[in-house]
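See below for input_30.cif, which holds mmCIF, C-alpha atoms and all ligand atoms.
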data_my_file
loop_
_atom_site.label_atom_id
_atom_site.label_comp_id
_atom_site.auth_asym_id
_atom_site.auth_seq_id
_atom_site.Cartn_x
_atom_site.Cartn_y
_atom_site.Cartn_z
CA MET O 571 17.88 13.29 4.07
CA VAL O 572 16.54 12.04 0.76
CA THR O 573 16.05 13.55 -2.68
CA GLY O 574 12.51 14.15 -3.90
CA PRO O 575 11.44 14.09 -7.54
CA SER O 576 11.47 17.89 -7.67
CA GLY O 577 15.21 17.95 -7.03
CA PRO O 578 16.02 19.59 -3.71
CA SER O 579 16.85 17.65 -0.57
CA LEU O 580 13.85 16.93 1.62
CA SER O 581 13.55 15.94 5.23
CA GLU O 582 12.22 12.41 5.68
CA SER O 583 8.74 13.70 6.58
CA ASP O 584 8.66 15.66 3.30
CA ALA O 585 9.81 12.73 1.16
CA TYR O 586 7.72 11.37 -1.69
CA LEU O 587 6.16 8.00 -0.91
CA PRO O 588 5.04 5.19 -3.23
CA LEU O 589 1.50 5.77 -4.50
CA SER O 590 0.72 2.07 -3.95
CA GLY O 591 0.99 2.68 -0.19
CA LEU O 592 -2.34 4.55 -0.22
CA GLN O 593 -4.07 1.30 -1.13
CA HIS O 594 -2.28 -0.43 1.80
CA VAL O 595 -3.25 2.35 4.25
CA VAL O 596 -6.93 2.09 3.32
CA PHE O 597 -6.83 -1.73 3.52
CA CYS O 598 -5.03 -1.79 6.90
CA GLU O 599 -2.66 0.76 8.50
CA ARG O 600 -0.69 -2.02 10.17
CA GLN O 601 -0.14 -3.68 6.78
CA ALA O 602 1.04 -0.33 5.34
CA ALA O 603 3.46 0.14 8.26
CA LEU O 604 4.83 -3.41 8.00
CA ILE O 605 5.47 -2.99 4.27
CA HIS O 606 6.70 0.61 4.13
CA ILE O 607 8.41 1.03 7.54
CA GLU O 608 9.51 -2.47 8.53
CA ARG O 609 10.07 -3.56 4.89
CA VAL O 610 8.27 -6.83 5.53
CA TRP O 611 6.85 -8.68 2.55
CA GLN O 612 5.38 -12.12 2.08
CA GLU O 613 4.00 -13.59 -1.13
CA ASN O 614 0.81 -15.63 -1.26
CA LEU O 615 -1.24 -16.97 -4.14
CA ALA O 616 -3.09 -13.66 -4.52
CA THR O 617 0.08 -11.52 -4.68
CA VAL O 618 1.71 -13.86 -7.23
CA GLN O 619 -1.45 -13.83 -9.38
CA GLY O 620 -1.44 -10.02 -9.12
CA GLN O 621 2.17 -9.89 -10.32
CA ILE O 622 1.31 -12.09 -13.32
CA VAL O 623 -1.59 -9.78 -14.25
CA HIS O 624 0.73 -6.76 -14.03
CA GLN O 625 3.59 -8.39 -15.96
CA ARG O 626 1.26 -8.41 -18.99
CA VAL O 627 0.55 -4.68 -18.79
CA ASP O 628 3.66 -3.22 -17.17
CA GLN O 629 5.76 -3.17 -20.36
CA PRO O 630 6.25 0.48 -21.30
CA GLY O 631 4.74 1.34 -24.68
CA ARG O 632 1.94 3.04 -26.53
CA ASP O 633 -0.87 2.01 -28.82
CA HIS O 634 -3.92 3.42 -30.61
CA ARG O 635 -7.37 1.87 -30.36
CA ARG O 636 -10.89 3.11 -31.07
CA GLY O 637 -9.75 6.70 -31.38
CA LEU O 638 -7.75 6.56 -28.14
CA ARG O 639 -4.03 6.88 -27.56
CA VAL O 640 -3.13 4.23 -24.97
CA ALA O 641 0.11 4.46 -22.94
CA ARG O 642 1.35 1.66 -20.66
CA ALA O 643 3.55 1.89 -17.53
CA VAL O 644 3.11 5.66 -17.28
CA PRO O 645 5.28 7.44 -14.61
CA LEU O 646 3.22 9.49 -12.16
CA VAL O 647 3.96 12.17 -9.59
CA SER O 648 1.84 14.43 -7.39
CA HIS O 649 3.52 17.26 -5.50
CA ARG O 650 0.26 17.85 -3.64
CA LEU O 651 0.02 14.26 -2.35
CA ARG O 652 3.82 13.79 -2.29
CA VAL O 653 3.61 10.41 -4.01
CA THR O 654 5.16 8.83 -7.09
CA GLY O 655 4.12 5.71 -8.95
CA ILE O 656 3.41 4.04 -12.25
CA ALA O 657 -0.03 3.71 -13.88
CA ASP O 658 -0.69 0.37 -15.59
CA THR O 659 -2.43 2.08 -18.52
CA VAL O 660 -3.58 5.60 -19.33
CA GLU O 661 -6.01 6.18 -22.19
CA PHE O 662 -5.86 9.66 -23.78
CA ARG O 663 -9.02 10.85 -25.50
CA LYS O 664 -8.74 13.72 -28.02
CA GLU O 665 -10.95 16.65 -27.10
CA PRO O 666 -12.85 18.54 -29.84
CA GLY O 667 -11.31 21.84 -28.68
CA GLY O 668 -7.76 20.37 -28.81
CA GLY O 669 -5.63 18.55 -26.25
CA GLU O 670 -6.21 15.15 -24.66
CA THR O 671 -7.98 14.03 -21.47
CA PRO O 672 -6.28 11.17 -19.60
CA CYS O 673 -8.19 8.24 -18.10
CA PRO O 674 -6.23 5.84 -15.83
CA VAL O 675 -7.04 2.11 -16.07
CA GLU O 676 -5.73 -0.18 -13.32
CA PHE O 677 -5.63 -3.96 -13.72
CA LYS O 678 -6.72 -6.14 -10.80
CA ARG O 679 -6.75 -9.88 -10.29
CA GLY O 680 -9.94 -11.80 -9.55
CA PRO O 681 -13.61 -11.10 -10.24
CA ALA O 682 -15.05 -7.57 -10.42
CA ARG O 683 -15.06 -6.26 -6.84
CA PRO O 684 -14.13 -2.57 -6.70
CA ARG O 685 -12.90 -2.19 -3.09
CA LEU O 686 -12.42 1.30 -1.63
CA ALA O 687 -8.65 0.65 -1.39
CA ASP O 688 -8.47 0.07 -5.17
CA GLN O 689 -10.64 3.10 -5.90
CA VAL O 690 -8.37 5.30 -3.75
CA GLN O 691 -5.30 4.01 -5.60
CA LEU O 692 -6.96 4.82 -8.95
CA CYS O 693 -8.09 8.25 -7.73
CA ALA O 694 -4.51 9.02 -6.60
CA GLN O 695 -3.39 8.21 -10.16
CA ALA O 696 -6.04 10.61 -11.47
CA LEU O 697 -4.84 13.38 -9.12
CA CYS O 698 -1.27 12.85 -10.41
CA LEU O 699 -2.50 13.03 -14.02
CA GLU O 700 -4.47 16.21 -13.29
CA GLU O 701 -1.30 17.85 -11.97
CA GLN O 702 0.89 16.54 -14.78
CA HIS O 703 -1.52 17.45 -17.63
CA ALA O 704 -3.21 20.46 -16.03
CA ARG O 705 -6.70 19.25 -16.91
CA PRO O 706 -9.53 17.62 -14.95
CA VAL O 707 -9.66 13.82 -14.87
CA LEU O 708 -13.21 12.85 -14.00
CA GLN O 709 -13.28 9.13 -14.64
CA GLY O 710 -11.04 6.05 -14.66
CA ALA O 711 -11.60 2.29 -14.68
CA LEU O 712 -10.66 -0.88 -12.83
CA PHE O 713 -10.24 -3.92 -15.09
CA TYR O 714 -10.67 -7.35 -13.44
CA ASP O 715 -8.86 -10.21 -15.16
CA ALA O 716 -11.06 -13.13 -13.96
CA SER O 717 -14.33 -11.62 -15.15
CA HIS O 718 -12.79 -9.51 -17.98
CA ARG O 719 -14.97 -6.70 -16.68
CA ARG O 720 -14.12 -3.05 -16.83
CA VAL O 721 -15.74 -1.11 -13.99
CA PRO O 722 -15.89 2.69 -14.52
CA ILE O 723 -14.97 4.72 -11.42
CA GLU O 724 -16.12 8.36 -11.04
CA PHE O 725 -13.69 10.58 -9.16
CA THR O 726 -16.34 12.12 -6.91
CA THR O 727 -15.71 14.77 -4.26
CA GLU O 728 -16.01 12.04 -1.59
CA LEU O 729 -13.48 9.74 -3.29
CA ARG O 730 -11.05 12.65 -3.75
CA ALA O 731 -11.39 13.56 -0.07
CA ALA O 732 -10.79 9.90 0.95
CA THR O 733 -7.67 9.85 -1.26
CA LEU O 734 -6.22 13.06 0.22
CA GLN O 735 -6.93 11.73 3.71
CA ALA O 736 -5.23 8.40 2.88
CA ALA O 737 -2.14 10.28 1.62
CA GLN O 738 -2.04 12.33 4.82
CA ARG O 739 -2.40 9.22 7.03
CA PHE O 740 0.33 7.45 5.02
CA HIS O 741 2.80 10.35 5.46
CA THR O 742 2.01 10.60 9.19
CA LEU O 743 2.48 6.85 9.67
CA VAL O 744 5.85 6.81 7.89
CA ALA O 745 7.06 9.98 9.66
CA GLN O 746 6.16 8.50 13.06
CA LYS O 747 7.84 5.16 12.20
CA ARG O 748 5.13 3.45 14.24
CA VAL O 749 3.58 0.06 13.50
CA PRO O 750 -0.01 0.16 14.81
CA ARG O 751 -1.42 -2.69 16.85
CA ALA O 752 -3.41 -5.26 14.83
CA SER O 753 -7.18 -4.99 14.62
CA PRO O 754 -8.21 -8.50 13.58
CA ALA O 755 -10.96 -8.36 10.94
CA PRO O 756 -12.35 -10.62 8.19
CA HIS O 757 -10.00 -8.95 5.66
CA CYS O 758 -7.02 -10.50 7.54
CA ARG O 759 -7.85 -13.76 5.74
CA ALA O 760 -6.99 -12.05 2.43
CA CYS O 761 -3.78 -10.43 3.76
CA SER O 762 -0.49 -11.98 2.61
CA LEU O 763 1.20 -10.70 5.80
CA GLU O 764 -1.15 -12.61 8.12
CA PRO O 765 1.44 -15.35 8.98
CA LEU O 766 3.95 -12.62 10.00
CA CYS O 767 1.51 -10.17 11.58
CA LEU O 768 -0.22 -12.80 13.77
CA PRO O 769 -3.22 -10.46 14.21
CA LEU O 770 -4.87 -12.34 17.09
CA LEU O 771 -1.65 -12.37 19.13
CA SER O 772 -0.38 -8.91 18.23
CA ALA O 773 -3.77 -7.31 18.95
CA HIS O 774 -3.29 -8.18 22.63
CA PRO O 775 0.45 -8.22 23.46
CA GLU O 776 -0.32 -8.15 27.19
CA ARG O 777 -2.09 -11.53 26.84
CA THR O 778 1.01 -12.95 25.10
CA THR O 779 3.25 -11.69 27.92
CA ALA O 780 0.91 -13.18 30.54
CA TYR O 781 0.82 -16.49 28.64
CA ILE O 782 4.64 -16.72 28.50
CA ALA O 783 4.87 -15.85 32.22
CA ARG O 784 2.34 -18.60 33.03
CA LEU O 785 4.19 -21.06 30.81
CA PHE O 786 7.48 -20.53 32.70
CA ALA O 787 5.66 -20.66 36.04
CA ASP O 788 4.13 -24.04 35.07
CA LEU O 789 7.46 -25.40 33.86
CA GLY O 790 9.18 -24.44 37.09
CA GLU O 791 12.62 -23.05 37.89
CA ASP O 792 14.46 -25.62 35.70
CA ALA O 793 12.95 -24.16 32.54
CA ILE O 794 14.62 -20.78 33.14
CA PRO O 795 18.05 -20.62 31.48
CA LYS O 796 20.88 -20.83 34.07
CA THR O 797 23.71 -18.34 34.25
CA THR O 798 27.14 -19.55 33.18
CA ASP O 799 30.54 -18.84 34.72
CA SER O 800 31.54 -16.85 31.68
CA GLU O 801 28.58 -14.55 32.08
CA ASP O 802 29.25 -10.94 32.95
CA PRO O 803 29.03 -10.52 36.80
CA GLU O 804 26.95 -7.39 36.26
CA VAL O 805 24.39 -9.46 34.37
CA ARG O 806 24.47 -12.16 37.12
CA ARG O 807 23.89 -9.52 39.79
CA ALA O 808 20.98 -8.10 37.81
CA ARG O 809 19.17 -11.48 37.70
S1 LIG H 901 -3.21 -9.69 9.10
FE1 LIG H 901 -4.89 -8.21 9.43
S2 LIG H 901 -4.09 -6.78 11.01
FE2 LIG H 901 -2.33 -7.92 10.17
S3 LIG H 901 -1.50 -6.63 8.56
FE3 LIG H 901 -2.92 -8.06 7.58
S4 LIG H 901 -4.91 -7.03 7.53
FE4 LIG H 901 -3.61 -5.92 8.98
#
What is this structure when it is put down as structure tokens?
Amino acid sequence: MVTGPSGPSLSESDAYLPLSGLQHVVFCERQAALIHIERVWQENLATVQGQIVHQRVDQPGRDHRRGLRVARAVPLVSHRLRVTGIADTVEFRKEPGGGETPCPVEFKRGPARPRLADQVQLCAQALCLEEQHARPVLQGALFYDASHRRVPIEFTTELRAATLQAAQRFHTLVAQKRVPRASPAPHCRACSLEPLCLPLLSAHPERTTAYIARLFADLGEDAIPKTTDSEDPEVRRAR
């Protein structure tokens, strides 16, 4: 049992999950399972560059610019999606009728290239802000450090549906504690877990088993480890 942000004890399948996992699920379910179930992590150049970009914006604080109130490292929660997280930056625009409308802005490394996984992550932040501020959040932005470009993202019905579906898939995956088989694809080249996932091998475990069997067959009897006198007789009998 674990404790959710709303206080009471929750069963594991009801637990709140990290919002960042939605991005992993959309990118690759196996990657999401390796990170959030197996707790596997591996840095590469891209992940380190991403951390440097976030170190600049992840310092909690607030600011005012061009008529906006800007908050950094904003805590987020959605009881509908059962996720928690932190938004890099949220801009609050004053509305003529009173109150403020939030607009999440997520920083990304590299040139402007708004992938669906990043848009789903941003949309999940918007859904959290809608719940927390009880007002519609219709637009956010992805800011790319290499091109210094800010790409506006509309939270359309389709993007909202994709985000809810990603949250559902993420909860199911974690509840089942199942790491899906790899589906090798071009995006594996950009995945920091590629050296641990071994997508070509893990996509076809039966081929790996057959290869190892052939290897021992080629090497002959001598290659198979011998039993020792100290070995349990039960184990010897079982061989
Ligand atoms: S290497 Fe490919 S299959 Fe493996 S976790 Fe990464 S994206 Fe998924």
How close does region 619-659 of chain O get to region 592-608 of chain O? List, as JSON lines, each residue of region 619-659 of chain O within 12 Å, its nearest atom pair and the distance in Å to one decimal, counting all atoms listed in the file.
{"residue": "O:Leu651", "atom": "CA", "partner": "O:Leu592", "partner_atom": "CA", "distance": 10.2}
{"residue": "O:Arg652", "atom": "CA", "partner": "O:Leu592", "partner_atom": "CA", "distance": 11.3}
{"residue": "O:Val653", "atom": "CA", "partner": "O:Leu592", "partner_atom": "CA", "distance": 9.2}
{"residue": "O:Thr654", "atom": "CA", "partner": "O:Leu592", "partner_atom": "CA", "distance": 11.0}
{"residue": "O:Gly655", "atom": "CA", "partner": "O:Leu592", "partner_atom": "CA", "distance": 10.9}
Closest pair table for chain O residues within 9 Å of ligand LIG 901 (chain H), all atoms listed in the file, as a tab-separated table:
residue	atom	partner	partner_atom	distance
O:Phe597	CA	H:LIG901	S4	6.9
O:Cys598	CA	H:LIG901	FE4	4.8
O:Glu599	CA	H:LIG901	FE4	6.8
O:Arg600	CA	H:LIG901	S3	4.9
O:Gln601	CA	H:LIG901	S3	3.7
O:Ala602	CA	H:LIG901	S3	7.5
O:Ala603	CA	H:LIG901	S3	8.4
O:Leu604	CA	H:LIG901	S3	7.1
O:Ile605	CA	H:LIG901	S3	9.0
O:Pro750	CA	H:LIG901	S2	8.9
O:Arg751	CA	H:LIG901	S2	7.6
O:Ala752	CA	H:LIG901	S2	4.2
O:Ser753	CA	H:LIG901	S2	5.1
O:Pro754	CA	H:LIG901	S2	5.2
O:Ala755	CA	H:LIG901	FE1	6.3
O:Pro756	CA	H:LIG901	FE1	7.9
O:His757	CA	H:LIG901	S4	5.8
O:Cys758	CA	H:LIG901	FE1	3.7
O:Arg759	CA	H:LIG901	S1	7.0
O:Ala760	CA	H:LIG901	S4	7.5
O:Cys761	CA	H:LIG901	FE3	4.6
O:Ser762	CA	H:LIG901	FE3	6.8
O:Leu763	CA	H:LIG901	FE3	5.2
O:Glu764	CA	H:LIG901	S1	3.7
O:Pro765	CA	H:LIG901	S1	7.3
O:Leu766	CA	H:LIG901	S1	7.8
O:Cys767	CA	H:LIG901	FE2	4.7
O:Leu768	CA	H:LIG901	S1	6.4
O:Pro769	CA	H:LIG901	FE2	4.9
O:Leu770	CA	H:LIG901	S2	8.3
O:Ser772	CA	H:LIG901	FE2	8.4
O:Ala773	CA	H:LIG901	S2	8.0
* Find the residues with any atom within 8 Å of (-6.2, -4.1, -14.1); use only C-alpha atoms and the coordinates as given in the file, and write the answer as a list in words. =>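 Residues found, by chain and rising number: Val623, His624, Asp658, Val675, Glu676, Phe677, Lys678, Arg679, Leu712, Phe713, Tyr714 and Asp715 of chain O.
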* To do: For CA of Arg632 (chain O) and CA of Gln689 (chain O), determine how far apart the two atoms are, in Å to one decimal place.
  =>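 For CA of Arg632 (chain O) relative to CA of Gln689 (chain O), the distance reads 24.2 Å.
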* Atom pair CA of Gly667 (chain O) / CA of Arg636 (chain O): separation (Å) ->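 Pair CA of Gly667 (chain O) / CA of Arg636 (chain O) returns 18.9 Å.
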* Asked: In Å, with one decimal, what is the gap from CA of Arg639 (chain O) to CA of Thr659 (chain O)?
  ->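 Computed distance, CA of Arg639 (chain O) to CA of Thr659 (chain O), equals 10.4 Å.
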* Residue nearest Ile656 (chain O) among O:Cys698, O:Thr779, O:Arg730, O:Ala687 (counting all atoms listed in the file) -> O:Cys698
* If we count all atoms listed in the file, what is near Glu724 (chain O) at a cut-off of 10 Å, once residues fewer than 6 positions away on the same chain are taken out, given as number ranges by chain? -> O: 689, 693, 707-711, 730
* To do: Counting only C-alpha atoms, figure out which residue out of O:Gly631, O:Ala694, O:Val749, O:Arg720 gets nearest to Gln735 (chain O).
  => O:Ala694
* Neighbour residues at most 6 Å from (-13.6, 4.9, -2.7) (only C-alpha atoms) as a PyMOL selection string -> chain O and resi 686+689-690+729
* **Residue among O:Asp633, O:Asp788, O:Glu670, O:Glu665 lying closest to Glu700 (chain O), counting only C-alpha atoms** =>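 Closest to Glu700 (chain O) of all the choices is O:Glu670.
For the choices O:Thr778, O:Gln702, O:Arg719, O:His741, the atom-to-atom distance to His649 (chain O) is smallest for O:Gln702 when using all atoms listed in the file.
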Would you mind completing region 600-615 of chain O to N, CA and C atoms and writing the output as a compact mmCIF listing (two decimals), in the coordinates of the input?
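Saved result, part_15.txt, follows:
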# COMPACT_ATOMS: atom_id res chain seq x y z
N ARG O 600 -1.79 -1.16 9.69
CA ARG O 600 -0.69 -2.02 10.17
C ARG O 600 0.03 -2.67 8.97
N GLN O 601 -0.76 -3.09 7.97
CA GLN O 601 -0.14 -3.68 6.78
C GLN O 601 0.76 -2.64 6.10
N ALA O 602 0.25 -1.40 5.97
CA ALA O 602 1.04 -0.33 5.34
C ALA O 602 2.34 -0.11 6.10
N ALA O 603 2.26 -0.10 7.45
CA ALA O 603 3.46 0.14 8.26
C ALA O 603 4.44 -1.02 8.13
N LEU O 604 3.93 -2.25 8.12
CA LEU O 604 4.83 -3.41 8.00
C LEU O 604 5.57 -3.37 6.67
N ILE O 605 4.85 -3.00 5.60
CA ILE O 605 5.47 -2.99 4.27
C ILE O 605 6.42 -1.80 4.11
N HIS O 606 5.95 -0.60 4.49
CA HIS O 606 6.70 0.61 4.13
C HIS O 606 7.64 1.11 5.23
N ILE O 607 7.48 0.64 6.47
CA ILE O 607 8.41 1.03 7.54
C ILE O 607 9.32 -0.14 7.88
N GLU O 608 8.71 -1.30 8.13
CA GLU O 608 9.51 -2.47 8.53
C GLU O 608 10.08 -3.23 7.33
N ARG O 609 9.61 -2.89 6.12
CA ARG O 609 10.07 -3.56 4.89
C ARG O 609 9.81 -5.06 4.92
N VAL O 610 8.66 -5.42 5.47
CA VAL O 610 8.27 -6.83 5.53
C VAL O 610 7.43 -7.14 4.30
N TRP O 611 7.68 -8.27 3.67
CA TRP O 611 6.85 -8.68 2.55
C TRP O 611 6.73 -10.17 2.53
N GLN O 612 5.61 -10.68 2.14
CA GLN O 612 5.38 -12.12 2.08
C GLN O 612 4.45 -12.38 0.92
N GLU O 613 4.86 -13.27 0.02
CA GLU O 613 4.00 -13.59 -1.13
C GLU O 613 2.94 -14.60 -0.71
N ASN O 614 1.77 -14.54 -1.32
CA ASN O 614 0.81 -15.63 -1.26
C ASN O 614 0.24 -15.79 -2.66
N LEU O 615 -0.71 -16.71 -2.80
CA LEU O 615 -1.24 -16.97 -4.14
C LEU O 615 -1.77 -15.69 -4.78
